[in-house]
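Colleague: Sharing upload.cif below, mmCIF, C-alpha atoms, pLDDT in the B column; chains and numbers go by the auth columns:
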```cif
data_data
loop_
_atom_site.group_PDB
_atom_site.id
_atom_site.type_symbol
_atom_site.label_atom_id
_atom_site.label_comp_id
_atom_site.label_asym_id
_atom_site.label_seq_id
_atom_site.Cartn_x
_atom_site.Cartn_y
_atom_site.Cartn_z
_atom_site.B_iso_or_equiv
_atom_site.auth_seq_id
_atom_site.auth_asym_id
ATOM 1 C CA MET A 1 -1.471 16.827 14.367 75.00 1 A
ATOM 2 C CA THR A 2 -3.476 14.985 11.760 88.00 2 A
ATOM 3 C CA SER A 3 -2.251 12.527 9.177 92.00 3 A
ATOM 4 C CA ARG A 4 -4.159 11.462 6.104 94.00 4 A
ATOM 5 C CA GLY A 5 -3.795 8.979 3.339 96.00 5 A
ATOM 6 C CA VAL A 6 -5.471 6.272 1.306 97.00 6 A
ATOM 7 C CA LEU A 7 -6.055 2.576 1.854 98.00 7 A
ATOM 8 C CA TYR A 8 -6.162 0.589 -1.381 97.00 8 A
ATOM 9 C CA VAL A 9 -7.499 -2.937 -0.966 98.00 9 A
ATOM 10 C CA HIS A 10 -6.479 -4.426 -4.299 97.00 10 A
ATOM 11 C CA SER A 11 -8.012 -7.856 -3.803 97.00 11 A
ATOM 12 C CA ALA A 12 -9.893 -9.606 -1.039 97.00 12 A
ATOM 13 C CA PRO A 13 -12.138 -12.656 -1.072 97.00 13 A
ATOM 14 C CA ARG A 14 -15.771 -11.661 -0.448 97.00 14 A
ATOM 15 C CA ALA A 15 -15.810 -13.364 2.967 96.00 15 A
ATOM 16 C CA LEU A 16 -12.871 -11.227 4.086 97.00 16 A
ATOM 17 C CA CYS A 17 -14.413 -7.856 3.108 97.00 17 A
ATOM 18 C CA PRO A 18 -16.374 -7.263 6.355 97.00 18 A
ATOM 19 C CA HIS A 19 -13.295 -8.228 8.378 97.00 19 A
ATOM 20 C CA VAL A 20 -11.257 -5.618 6.524 97.00 20 A
ATOM 21 C CA GLU A 21 -13.906 -3.000 7.372 97.00 21 A
ATOM 22 C CA TRP A 22 -13.891 -4.033 11.042 97.00 22 A
ATOM 23 C CA ALA A 23 -10.089 -3.877 11.203 97.00 23 A
ATOM 24 C CA VAL A 24 -10.024 -0.402 9.616 97.00 24 A
ATOM 25 C CA ALA A 25 -12.806 0.769 11.940 97.00 25 A
ATOM 26 C CA GLY A 26 -10.845 -0.542 14.913 96.00 26 A
ATOM 27 C CA VAL A 27 -7.833 1.554 13.939 96.00 27 A
ATOM 28 C CA LEU A 28 -9.792 4.689 13.068 96.00 28 A
ATOM 29 C CA GLY A 29 -12.174 4.441 16.016 94.00 29 A
ATOM 30 C CA GLY A 30 -15.456 4.666 14.112 92.00 30 A
ATOM 31 C CA ARG A 31 -17.736 2.834 11.734 93.00 31 A
ATOM 32 C CA VAL A 32 -16.222 2.246 8.275 95.00 32 A
ATOM 33 C CA THR A 33 -18.050 1.109 5.161 95.00 33 A
ATOM 34 C CA LEU A 34 -16.018 0.520 2.029 97.00 34 A
ATOM 35 C CA ASP A 35 -17.459 0.617 -1.491 96.00 35 A
ATOM 36 C CA TRP A 36 -16.485 -2.810 -2.811 97.00 36 A
ATOM 37 C CA ILE A 37 -16.312 -3.538 -6.536 96.00 37 A
ATOM 38 C CA ARG A 38 -15.291 -6.709 -8.340 96.00 38 A
ATOM 39 C CA GLN A 39 -11.589 -7.144 -9.050 96.00 39 A
ATOM 40 C CA PRO A 40 -11.226 -8.326 -12.663 94.00 40 A
ATOM 41 C CA ALA A 41 -7.543 -9.179 -12.208 93.00 41 A
ATOM 42 C CA ALA A 42 -8.518 -11.979 -9.782 93.00 42 A
ATOM 43 C CA PRO A 43 -12.040 -13.290 -10.393 93.00 43 A
ATOM 44 C CA GLY A 44 -13.892 -13.928 -7.165 94.00 44 A
ATOM 45 C CA THR A 45 -12.157 -11.101 -5.322 97.00 45 A
ATOM 46 C CA TRP A 46 -13.162 -7.521 -4.547 97.00 46 A
ATOM 47 C CA ARG A 47 -11.360 -4.203 -4.345 97.00 47 A
ATOM 48 C CA ALA A 48 -11.957 -0.898 -2.527 97.00 48 A
ATOM 49 C CA GLU A 49 -10.341 2.476 -1.845 96.00 49 A
ATOM 50 C CA PHE A 50 -10.754 4.492 1.319 97.00 50 A
ATOM 51 C CA SER A 51 -9.392 7.940 2.157 96.00 51 A
ATOM 52 C CA TRP A 52 -8.605 8.136 5.852 96.00 52 A
ATOM 53 C CA GLN A 53 -7.637 10.795 8.351 94.00 53 A
ATOM 54 C CA GLY A 54 -6.157 10.120 11.780 92.00 54 A
ATOM 55 C CA ARG A 55 -3.268 10.560 14.148 92.00 55 A
ATOM 56 C CA PRO A 56 0.318 10.281 12.920 91.00 56 A
ATOM 57 C CA GLY A 57 1.144 6.585 12.762 94.00 57 A
ATOM 58 C CA THR A 58 -2.289 5.598 11.455 96.00 58 A
ATOM 59 C CA ALA A 59 -0.835 4.201 8.217 97.00 59 A
ATOM 60 C CA SER A 60 1.396 1.778 10.133 97.00 60 A
ATOM 61 C CA GLN A 61 -1.522 0.778 12.376 97.00 61 A
ATOM 62 C CA LEU A 62 -3.698 0.066 9.334 98.00 62 A
ATOM 63 C CA ALA A 63 -0.946 -1.982 7.700 98.00 63 A
ATOM 64 C CA SER A 64 -0.398 -3.931 10.927 97.00 64 A
ATOM 65 C CA ALA A 65 -4.124 -4.606 11.303 97.00 65 A
ATOM 66 C CA LEU A 66 -4.360 -6.008 7.769 97.00 66 A
ATOM 67 C CA ARG A 67 -1.040 -7.780 7.333 92.00 67 A
ATOM 68 C CA GLY A 68 -2.048 -11.076 8.896 84.00 68 A
ATOM 69 C CA TRP A 69 -4.541 -12.070 6.195 89.00 69 A
ATOM 70 C CA HIS A 70 -2.783 -14.175 3.609 85.00 70 A
ATOM 71 C CA LEU A 71 -5.341 -13.711 0.803 92.00 71 A
ATOM 72 C CA LEU A 72 -5.322 -9.916 0.958 97.00 72 A
ATOM 73 C CA ARG A 73 -3.455 -7.537 -1.359 97.00 73 A
ATOM 74 C CA PHE A 74 -3.337 -3.938 -0.181 98.00 74 A
ATOM 75 C CA GLU A 75 -1.449 -0.666 -0.015 98.00 75 A
ATOM 76 C CA VAL A 76 -1.648 2.069 2.605 98.00 76 A
ATOM 77 C CA THR A 77 -0.240 5.518 1.986 97.00 77 A
ATOM 78 C CA ALA A 78 0.233 8.484 4.290 97.00 78 A
ATOM 79 C CA GLU A 79 0.817 11.947 2.882 95.00 79 A
ATOM 80 C CA PRO A 80 3.891 13.866 4.009 93.00 80 A
ATOM 81 C CA SER A 81 3.281 16.814 6.315 87.00 81 A
ATOM 82 C CA ALA A 82 5.235 19.738 7.691 85.00 82 A
ATOM 83 C CA THR A 83 6.502 17.540 10.521 85.00 83 A
ATOM 84 C CA ALA A 84 6.802 14.090 8.935 87.00 84 A
ATOM 85 C CA GLU A 85 7.733 12.350 5.719 92.00 85 A
ATOM 86 C CA GLY A 86 5.076 10.307 3.973 96.00 86 A
ATOM 87 C CA GLU A 87 5.017 6.539 3.896 97.00 87 A
ATOM 88 C CA ARG A 88 3.765 3.632 1.870 97.00 88 A
ATOM 89 C CA TYR A 89 3.009 0.065 2.859 98.00 89 A
ATOM 90 C CA SER A 90 2.417 -2.619 0.224 98.00 90 A
ATOM 91 C CA SER A 91 1.407 -6.183 0.948 97.00 91 A
ATOM 92 C CA THR A 92 0.949 -9.272 -1.198 97.00 92 A
ATOM 93 C CA PRO A 93 0.361 -12.908 -0.227 95.00 93 A
ATOM 94 C CA SER A 94 3.631 -14.082 -1.786 95.00 94 A
ATOM 95 C CA LEU A 95 5.948 -11.226 -0.717 96.00 95 A
ATOM 96 C CA GLY A 96 4.552 -10.091 2.620 96.00 96 A
ATOM 97 C CA ILE A 97 4.773 -6.442 3.555 97.00 97 A
ATOM 98 C CA PHE A 98 6.973 -3.644 2.206 97.00 98 A
ATOM 99 C CA HIS A 99 7.439 -0.267 3.874 97.00 99 A
ATOM 100 C CA ALA A 100 8.959 2.855 2.398 97.00 100 A
ATOM 101 C CA VAL A 101 9.341 6.449 3.496 96.00 101 A
ATOM 102 C CA THR A 102 8.220 8.901 0.810 95.00 102 A
ATOM 103 C CA GLY A 103 9.131 12.515 0.188 92.00 103 A
ATOM 104 C CA ILE A 104 6.875 15.408 -0.740 89.00 104 A
ATOM 105 C CA HIS A 105 6.849 14.401 -4.412 88.00 105 A
ATOM 106 C CA GLY A 106 6.075 10.743 -3.711 88.00 106 A
ATOM 107 C CA ASP A 107 9.617 9.498 -4.271 93.00 107 A
ATOM 108 C CA ILE A 108 10.830 6.656 -2.081 95.00 108 A
ATOM 109 C CA LEU A 109 13.566 7.784 0.299 95.00 109 A
ATOM 110 C CA VAL A 110 16.051 5.025 1.060 96.00 110 A
ATOM 111 C CA PRO A 111 18.056 5.473 4.282 94.00 111 A
ATOM 112 C CA GLU A 112 21.815 5.419 3.761 96.00 112 A
ATOM 113 C CA ASP A 113 22.341 2.460 6.119 97.00 113 A
ATOM 114 C CA ARG A 114 20.039 0.328 3.942 95.00 114 A
ATOM 115 C CA LEU A 115 21.983 1.396 0.834 95.00 115 A
ATOM 116 C CA ARG A 116 25.273 0.572 2.549 96.00 116 A
ATOM 117 C CA ALA A 117 23.950 -2.843 3.552 96.00 117 A
ATOM 118 C CA ALA A 118 22.857 -3.529 -0.053 95.00 118 A
ATOM 119 C CA LEU A 119 26.287 -2.492 -1.333 95.00 119 A
ATOM 120 C CA ALA A 120 27.983 -4.735 1.246 96.00 120 A
ATOM 121 C CA ARG A 121 25.820 -7.755 0.321 95.00 121 A
ATOM 122 C CA ALA A 122 26.613 -7.216 -3.361 94.00 122 A
ATOM 123 C CA ALA A 123 30.345 -6.818 -2.636 95.00 123 A
ATOM 124 C CA ARG A 124 30.328 -10.119 -0.694 96.00 124 A
ATOM 125 C CA GLY A 125 28.579 -11.833 -3.606 94.00 125 A
ATOM 126 C CA GLU A 126 25.415 -12.405 -1.559 94.00 126 A
ATOM 127 C CA GLY A 127 23.219 -10.593 -4.048 89.00 127 A
ATOM 128 C CA ASP A 128 23.089 -8.602 -7.229 93.00 128 A
ATOM 129 C CA LEU A 129 23.264 -4.825 -6.642 94.00 129 A
ATOM 130 C CA GLN A 130 20.533 -4.098 -9.176 95.00 130 A
ATOM 131 C CA ALA A 131 18.180 -6.595 -7.494 95.00 131 A
ATOM 132 C CA GLU A 132 19.077 -5.210 -4.051 94.00 132 A
ATOM 133 C CA VAL A 133 18.215 -1.652 -5.099 95.00 133 A
ATOM 134 C CA ALA A 134 15.025 -2.819 -6.810 96.00 134 A
ATOM 135 C CA ARG A 135 13.958 -4.470 -3.556 95.00 135 A
ATOM 136 C CA LEU A 136 14.754 -1.298 -1.572 96.00 136 A
ATOM 137 C CA LEU A 137 12.467 0.600 -3.953 97.00 137 A
ATOM 138 C CA GLY A 138 9.665 -1.979 -3.681 97.00 138 A
ATOM 139 C CA LYS A 139 9.848 -3.129 -7.298 97.00 139 A
ATOM 140 C CA PRO A 140 8.819 -6.742 -6.592 97.00 140 A
ATOM 141 C CA TRP A 141 5.678 -5.459 -4.833 97.00 141 A
ATOM 142 C CA ASP A 142 4.949 -2.975 -7.621 96.00 142 A
ATOM 143 C CA ASP A 143 5.353 -5.716 -10.221 96.00 143 A
ATOM 144 C CA GLU A 144 2.925 -8.004 -8.393 95.00 144 A
ATOM 145 C CA LEU A 145 0.363 -5.299 -7.572 96.00 145 A
ATOM 146 C CA GLU A 146 0.305 -3.500 -10.921 94.00 146 A
ATOM 147 C CA PRO A 147 -2.347 -5.746 -12.542 93.00 147 A
ATOM 148 C CA PHE A 148 -4.566 -5.169 -9.485 95.00 148 A
ATOM 149 C CA ARG A 149 -4.225 -1.377 -9.412 92.00 149 A
ATOM 150 C CA TYR A 150 -6.523 -0.894 -12.377 83.00 150 A
ATOM 151 C CA ALA A 151 -10.066 -1.845 -11.444 69.00 151 A
ATOM 152 C CA GLY A 152 -11.470 -2.147 -14.947 58.00 152 A
ATOM 153 C CA GLU A 153 -14.189 -0.411 -16.883 53.00 153 A
ATOM 154 C CA GLY A 154 -16.757 1.509 -14.904 56.00 154 A
ATOM 155 C CA ALA A 155 -14.563 1.892 -11.837 57.00 155 A
ATOM 156 C CA PRO A 156 -14.646 5.267 -10.113 55.00 156 A
ATOM 157 C CA VAL A 157 -11.686 7.447 -11.006 47.00 157 A
ATOM 158 C CA ARG A 158 -10.404 10.084 -8.607 46.00 158 A
ATOM 159 C CA TRP A 159 -8.358 12.772 -10.368 42.00 159 A
ATOM 160 C CA LEU A 160 -5.788 14.252 -8.015 40.00 160 A
ATOM 161 C CA HIS A 161 -4.874 17.113 -10.337 42.00 161 A
ATOM 162 C CA GLN A 162 -5.088 18.023 -13.975 41.00 162 A
ATOM 163 C CA VAL A 163 -2.220 19.425 -15.985 43.00 163 A
ATOM 164 C CA VAL A 164 -3.246 21.523 -18.968 39.00 164 A
#
```
For this file, produce the structure as C-alpha cells.

Modeller:
Amino acid sequence: MTSRGVLYVHSAPRALCPHVEWAVAGVLGGRVTLDWIRQPAAPGTWRAEFSWQGRPGTASQLASALRGWHLLRFEVTAEPSATAEGERYSSTPSLGIFHAVTGIHGDILVPEDRLRAALARAARGEGDLQAEVARLLGKPWDDELEPFRYAGEGAPVRWLHQVV
C-alpha cells in the first residue's frame, strides 16, 4: 500500500531550512530538496510545499520528525485511500501540534469519545462547548496558520481541479 500527501512548511527561519529537508529525507528514505520562497507573513522566514509518497503512516512520521522545532509552522496531509481515512497535522510554535482524521471530502472526522469528553467538560463548567468543538476541529491552528497559507505574489499555484 502507498500513501501520499503534501507537506506545507508555512514558515521556517533560513538556518532551519536544510534541517527540515534532512528530516523529511530521513522519513522518506531518499534525498529531498524543497523549493524555498520567502514568507511575506513573517519577514525573515521561508516557506515550501512538497508532495510526498510513502508507506501508510508517513504523515505521522513527518509530523513527528518536524514537531520538535519551536520556530517552525507546518502542516502535513495524507490523502484518504480505500483502506484508510486521511489525516492532517498542523503545528505552530504557540499551539503545538494538532491531529485530525479526514474523510474523502476533506472534512474532519471527530471520534465520538472526543465529542462526549467535550460535552462532559462543558457540562461540568470546565469549558465552553463552542470553544471545545472549535478546538476539536482545529480552529485555533487554522486561525494562526491562515496568514501563512498564502505565499504572496509570484508564488507557484497548484490547481487541484477546476469547476466550470

Colleague: Might you spell out which residues the PyMOL selection byres ((chain A and resi 15) around 12) would select in the displayed file, as a ChimeraX atom specification?

Modeller: /A:11-14,16-21,44-46,69,71-72

Colleague: Would you place a box with edges along x, y and z of the file around all atoms of region 52-65 of chain A listed there, add 6 Å to each of its six sides, and report the centre and edge lengths in Å to one decimal, as JSON?

Modeller:
```
{"center_x": -3.6, "center_y": 3.1, "center_z": 10.0, "size_x": 22.0, "size_y": 27.4, "size_z": 20.3}
```

Colleague: Looking at A:Pro147, A:Pro140, A:Gly54, A:Gly86, which one is nearest to His105 (chain A), with distances taken over only C-alpha atoms?

Modeller: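 Among A:Pro147, A:Pro140, A:Gly54, A:Gly86, it is A:Gly86 that comes nearest to His105 (chain A).
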
Colleague: Hey, what comes out of the PyMOL selection byres ((chain A and resi 94) around 10) on this file? Could you write it as a PyMOL selection string?

Modeller: chain A and resi 70-71+73+91-93+95-97+141+144

Colleague: Take the PyMOL selection byres ((chain A and resi 33) around 9), apply it to the structure above, and return the hits as an MDAnalysis selection string.

Modeller: chainID A and resid 18 21:22 25 31:32 34:35 50

Colleague: Taking into account only C-alpha atoms, which residue in the set A:Arg67, A:Arg38, A:Arg4, A:Arg149 is nearest to Ala84 (chain A)?

Modeller: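 When distances to Ala84 (chain A) are compared using only C-alpha atoms, the smallest one comes from A:Arg4.
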
Colleague: Which is closest to Asp143 (chain A) among A:Arg47, A:Ser90, A:Ser3, A:Gly26, if we use only C-alpha atoms?

Modeller: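 Looking at the shortest contact to Asp143 (chain A), the residue is A:Ser90.
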
Colleague: Closest to Ala63 (chain A) among A:Trp36, A:Ala41, A:Val6, A:Lys139, using only C-alpha atoms?

Modeller: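 Of A:Trp36, A:Ala41, A:Val6, A:Lys139, the one nearest Ala63 (chain A) is A:Val6, counting only C-alpha atoms.
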
Colleague: Counting only C-alpha atoms, figure out which residue out of A:Leu137, A:Ala123, A:Leu66, A:Ala117 gets nearest to Thr102 (chain A).

Modeller: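 Smallest separation from Thr102 (chain A) among the options: A:Leu137.
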
Colleague: When distances are computed from only C-alpha atoms, which of A:Leu28, A:Val101, A:Leu129, A:Leu7 shows the smallest separation from Glu75 (chain A)?

Modeller: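 Of all the options, A:Leu7 lies closest to Glu75 (chain A).
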
Colleague: One decimal, in Å: what's the spacing between CA of Thr77 (chain A) and CA of Trp52 (chain A)?

Modeller: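 Value for the CA of Thr77 (chain A)-CA of Trp52 (chain A) distance: 9.6 Å.
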
Colleague: To one decimal place in Å, what is the distance between CA of Pro111 (chain A) and CA of His10 (chain A)?

Modeller: 27.8 Å

Colleague: Figure out the distance between CA of Leu136 (chain A) and CA of Gln39 (chain A), please, to one decimal in Å.

Modeller: 28.0 Å

Colleague: Just want the 8 Å neighbourhood of Leu62 (chain A), counted on all atoms listed in the file, with same-chain residues fewer than 6 positions away dropped. Output as a list of chain:residue names.

Modeller: A:Ala23, A:Val24, A:Val27, A:Val76
